[in-house]
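Colleague: Structure incoming, see below.
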Amino acid sequence: MKGELRDLKFTVNGRPVELKVKPKTLLMEVLRYDLGLTGTRSGCEVSACGACTINFDGMAVRACSILALQANGHEVVTIEGVADGEKLHPIQQAMVDHGAIECGFCTSGMVMSARALLTENAKPTRDDIKKAIQGNLCADSGYTKYIEAIEIAARKIGGGE
Amino acid sequence: MSETFGNFSVLGKPIRRVDAKAKVTGQAKYAADTEVANMLWGFVKRSPHPHARILNIDTSKAERLPGVKAITTGKDFGGFKWGWSNPTRDEEPLAVNKVRYLYEGVAAVAAIDKDIAEEACDLIEVEYEPLPGVFDPFEAMKEGAPLVHDNRPGNITVEYHWNFGDAEKALANSHLVRKDTFQTPRMAKGYIEPPAVVAYWPDPNRLVYIGAKGSPYFPYRILSRCFNLPLSNVRIIAPFIGCDFGGTKNDMTNGDFSAVMLAKKAGRPVKIVSSQFDALTTDLRRHPMWITMTTGVTKDGIITAIHNEIVSDGGAYTRMSPLTHFLTGICMGMPYHLPNFKHDVACYFTNNPSSAAMRGHGIYHTAFARECQMDMIADELGIDRVEIRLRNVIKNPEPGTIYETINGAHIATAGTEECLKKVSAAVKWGETKKREKVKGNKAYGLGFATGCYLSGTQLSAHNACAAIVRVCEDGSVNYLTGATDVGMGSDTVGSAIVAEVLGITIDDVDIKRVDTAFTPADPGSYGSRVTVLAGEAAINAAEDAKHQLREFAARKLGAMEDEIVFKDKQVFVKSNRARSMSWDRLVRMACYDAPGRVIIGRGHSKRATDLHTLADFSTGKGDIGTNYSFTAQAVQIEVDTETGVVRCTDDNNVIAHDCGFPLNTQAVETQCLGGSYHQGIAAALYEEFKMDKGLTLNPNFVDYLRPRAYEAPMTEVQHVITNDPFGPFGAKEASEGSTCSAPPALINAIHDATGVWVKDLPAQPEKVYWALKGKKKK
């Protein structure tokens, strides 16, 4: 169906991964089905909802819109690689404390978009934050609390609190 | 925000969600994340016609494709039909003789991977005889229109005609009568998580179904009948659910039935995950309605009568339409005093995908019409828009008294007046209304609306709501409920209630996802019923467990039972706190004192069935809610008068909500922001399925517009506390009523800014642009 198997070598959450994939396989499919990293959610498969957002060499990228083989030699971080063991990342902690999360289906993508933003820009304005999560749809908790949580996290990281 | 209310240990303050950590780390498992050993993938074959007779289905080529393990068609289900209630069972698991909407399922395949299952579906040959279709309710009602169901003349899905007082006479005697037609669009439910299911049969007489269902006991009963299984052998497990909002995730899809049948035939687990395309083309939608509302008022703006004439598109099957259309009228007697009321509503079958419940169910449509018309009347009479509402609202009844609406609904608390005052004060209405509205090509407007919603739905059948509280010997507690958290936070509030009653912390309480093998039967999440009814059940179950422990504590502490207090993980004698022991020690002693003793509390909601006279669908009289929530909100918008683009501003967007008592303040606020304000804006400005003869033209989240971070205003939420006597700790539903007030508030704001009325939602730029053009011509 999807052609002959090819070699794929890349880093996922800091660990080297090697596997064989069909050329048409999406990165999202490899993460979810081959590696069992189901925290990367599949919402729309057309790059519109952002639920499958991952960090690709630090950038926020939709895993449904990139072929697995394009990740060859690159560094991918998924939601499972964000916390430090049991200790939540400040973005995650702020979302939990601030009550930003409801059904949670968009949350992985929200965290990954915010993580990419704060990696690049430690002091984002509210507009920067809106721009960073503009690709992430949320159906129930709305955006207000996510935006405020990212602001809280930015202050915490910046202030070394 | 996030103030603290009441004198509680756990409740009335921000409570961290019990599932937040699992969700924020990606560990939470949703249905599509479920993996079972030896699992196959299923795929549904769908009809390319919106209305056609099925002449033949040939599966032979698909059967020969390597990797295919099972194929099913509608005939396998032996004539089984299902529906929302016994008289409305009009739908087959997979269409057998006729398809009634585009992409209706006709067959399904299970194979070793998804690609093979999909390819096999392409190899299934279905011979159709296309039939003329009917795609809008005004065509459907015409004599000679094609019949969607041969046994349903006139294509009528459901109709109600109610009459309270004498609306005609009251209208004839009114100082001013306004008659306007408003339109609400076809809307997606909007969940990002498409429906998904994994089904398997541990043995030929036992079924396990793991699926994204907010009402797991619906598939429990439906699958029991469909596969002739005793309920004890039907195990429905609810994983985490990525939103619901009513409809598809309450009951069944072609994929649900197919997965179960394919698993039975193949003897292996089968997983079917819908695509978002499937969800947006075949899942249940919000009913589009055409609402003609005639309202009479005195010269002071006091409402004398309302007469509704509503036409609605129910789509291909009945589904929940009887409830939806009942709800369009049942709460008309609030939040304003209404002395005369006539309600004529009719829903028609068409060859569009079926319509069903959606957040704000039914009430959203008439609330939109009423609140816009309120502004029209205020302007015609020269009365302030907040003032006219204050003149009409039902005053908060004195404690111990009940206000009865014209159709016999009972209201013990109504905070609408306080909500209105808080909202107008927050936006400084006295000053803002005098300001300059136009700045260059931008016009600014502020709109108000009120909302109300039933809470703790009262329906005659399947209304059981119970809880089990099991105290483990180390003091930890298992709380079991059949009520399903689809995201709104009911698992958290239920656990918090159990902790409050037992005097322990929420961390001591464990709640698992609903599993019909263990949890008590429950209708699930709809009708804003969970906090009020499951909350009452949780109180009663925890009290029962506490009673068992109290007996033992009284003996050990040498006191009367009614002197024993449970608080802060201590158990002590009220008059002498020194006579105490820790919760953990008491529990351990109680469990070990009599070997074999188990401390299991059970309780159910009595108010769900015993409080009021249940509403009568045919007359519209009675209570649909255990109690009723109220809201007022202000929306400020900016209109680009050159392009017609409307957007909400970050300031002056305020919602004041009377949910009785906010058990978890943070959850109420988040719900009001996202679950009502942003969702209301979606309905008012963005969301609409564009249709062409049954074909959905925008079945993806690129073309089907929704608000995103830029479009959602930063909103302020204010709590109004009324302590309802019929809710757990004074609570009523939170935020479904406020879903209904956002669209009219926004449309009223557009009118405030520009003087034009957009009576058909959503107010997309093109519509606003042409309305502005029309205004200029005058």
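By order in the structure tokens, chains are A, B, ...; within a chain, residues start at 1; ligands start at 1, following the order shown.
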Please provide the set of residues having any atom within 12 Å of Asn7 in chain B, restricted to only C-alpha atoms, with same-chain residues fewer than 4 positions apart removed, written as a list of chain:residue names.
Modeller: B:Leu11, B:Gly12, B:Lys13, B:Glu500, B:Phe661, B:Leu663, B:Phe729
Colleague: Those residues with C-alpha atoms, as a tab-separated table (two decimals), in the first residue's frame please?
Modeller:
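Result went into part.tsv, see below:
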```tsv
chain	number	residue	atom	x	y	z
B	11	LEU	CA	-15.96	23.08	48.41
B	12	GLY	CA	-16.59	26.68	47.40
B	13	LYS	CA	-13.04	27.37	46.29
B	500	GLU	CA	-16.43	17.25	52.21
B	661	PHE	CA	-23.41	27.87	44.70
B	663	LEU	CA	-18.81	24.05	44.33
B	729	PHE	CA	-24.79	22.33	48.87
```
Colleague: Hey, what's within 10 Å of Asp593 in chain B if we count only C-alpha atoms and toss same-chain stuff fewer than 5 positions away? As a PyMOL selection string, please?
Modeller: chain B and resi 552+587-588
Colleague: Go through chain B and flag each residue having an atom no more than 7 Å from chain A; for those, report the closest pair of atoms plus their distance in Å to one decimal, using only C-alpha atoms, ordered by chain and rising number, as a tab-separated table.
Modeller:
```
residue	atom	partner	partner_atom	distance
B:Arg16	CA	A:Asp97	CA	6.6
B:Ala20	CA	A:Val96	CA	5.8
B:Lys21	CA	A:Val96	CA	7.0
B:Lys23	CA	A:Gly104	CA	5.3
B:Val24	CA	A:Gln92	CA	5.9
B:Thr25	CA	A:Glu80	CA	6.0
B:Gly26	CA	A:Gly39	CA	3.9
B:Gln27	CA	A:Gly39	CA	6.1
B:Asp33	CA	A:Thr38	CA	5.9
B:Gly190	CA	A:Ala139	CA	6.1
B:Tyr191	CA	A:Ala139	CA	5.9
B:Ile192	CA	A:Gly43	CA	5.4
B:Glu193	CA	A:Gly43	CA	5.4
B:Pro194	CA	A:Gly43	CA	6.6
B:Ile241	CA	A:Cys103	CA	6.4
B:Gly242	CA	A:Phe105	CA	5.0
B:Cys243	CA	A:Cys103	CA	5.7
B:Ser275	CA	A:Cys44	CA	6.9
B:Gln276	CA	A:Cys44	CA	5.0
B:Val486	CA	A:Cys103	CA	6.2
B:Gly487	CA	A:Cys103	CA	3.5
B:Met488	CA	A:Glu102	CA	5.8
B:Gly489	CA	A:Glu102	CA	6.7
B:Gln666	CA	A:Gly99	CA	6.2
B:Ala667	CA	A:Gly99	CA	6.8
B:Thr670	CA	A:Ser141	CA	5.5
B:Gln671	CA	A:Ser141	CA	6.0
B:Leu673	CA	A:Gly142	CA	5.9
B:Gly674	CA	A:Gly142	CA	3.5
B:Gly675	CA	A:Asp140	CA	4.7
B:His678	CA	A:Gly142	CA	6.0
B:Phe701	CA	A:Ala48	CA	5.6
B:Val702	CA	A:Ala48	CA	5.9
B:Arg708	CA	A:Gln134	CA	5.8
B:Ala709	CA	A:Gln134	CA	5.3
B:Tyr710	CA	A:Lys130	CA	5.9
B:Ala712	CA	A:Tyr143	CA	6.8
B:Met714	CA	A:Thr144	CA	5.5
```
Colleague: Give me, as a PyMOL selection string, all polymer residues having an atom no more than 8 Å from Thr505 in chain B, counting only C-alpha atoms and skipping those fewer than 5 positions away in the same chain.
Modeller: chain B and resi 10+496+499-500+568-569
Colleague: Write out as a list in words each polymer residue whose atoms come within 6 Å of range 199-204 of chain B, counting only C-alpha atoms; drop sequence neighbours fewer than 4 positions from it.
Modeller: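 So, after excluding close chain neighbours, the residues are Val208, Tyr209, Ala259, Val260, Ala263, Pro269 and Val270 of chain B.
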Colleague: For the residues in that selection, give me C-alpha atoms as a PDB file, in the first residue's frame.
Modeller:
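Output saved as result-v9.pdb:
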```
ATOM      1  CA  VAL B 208     -16.714  -5.390  26.200  1.00  0.00           C
ATOM      2  CA  TYR B 209     -17.048  -1.997  24.537  1.00  0.00           C
ATOM      3  CA  ALA B 259     -17.144  -2.682  15.624  1.00  0.00           C
ATOM      4  CA  VAL B 260     -19.244  -4.894  17.909  1.00  0.00           C
ATOM      5  CA  ALA B 263     -15.567  -8.371  16.635  1.00  0.00           C
ATOM      6  CA  PRO B 269     -11.089  -7.209  19.063  1.00  0.00           C
ATOM      7  CA  VAL B 270     -11.972  -4.530  16.530  1.00  0.00           C
TER       8      VAL B 270
END
```
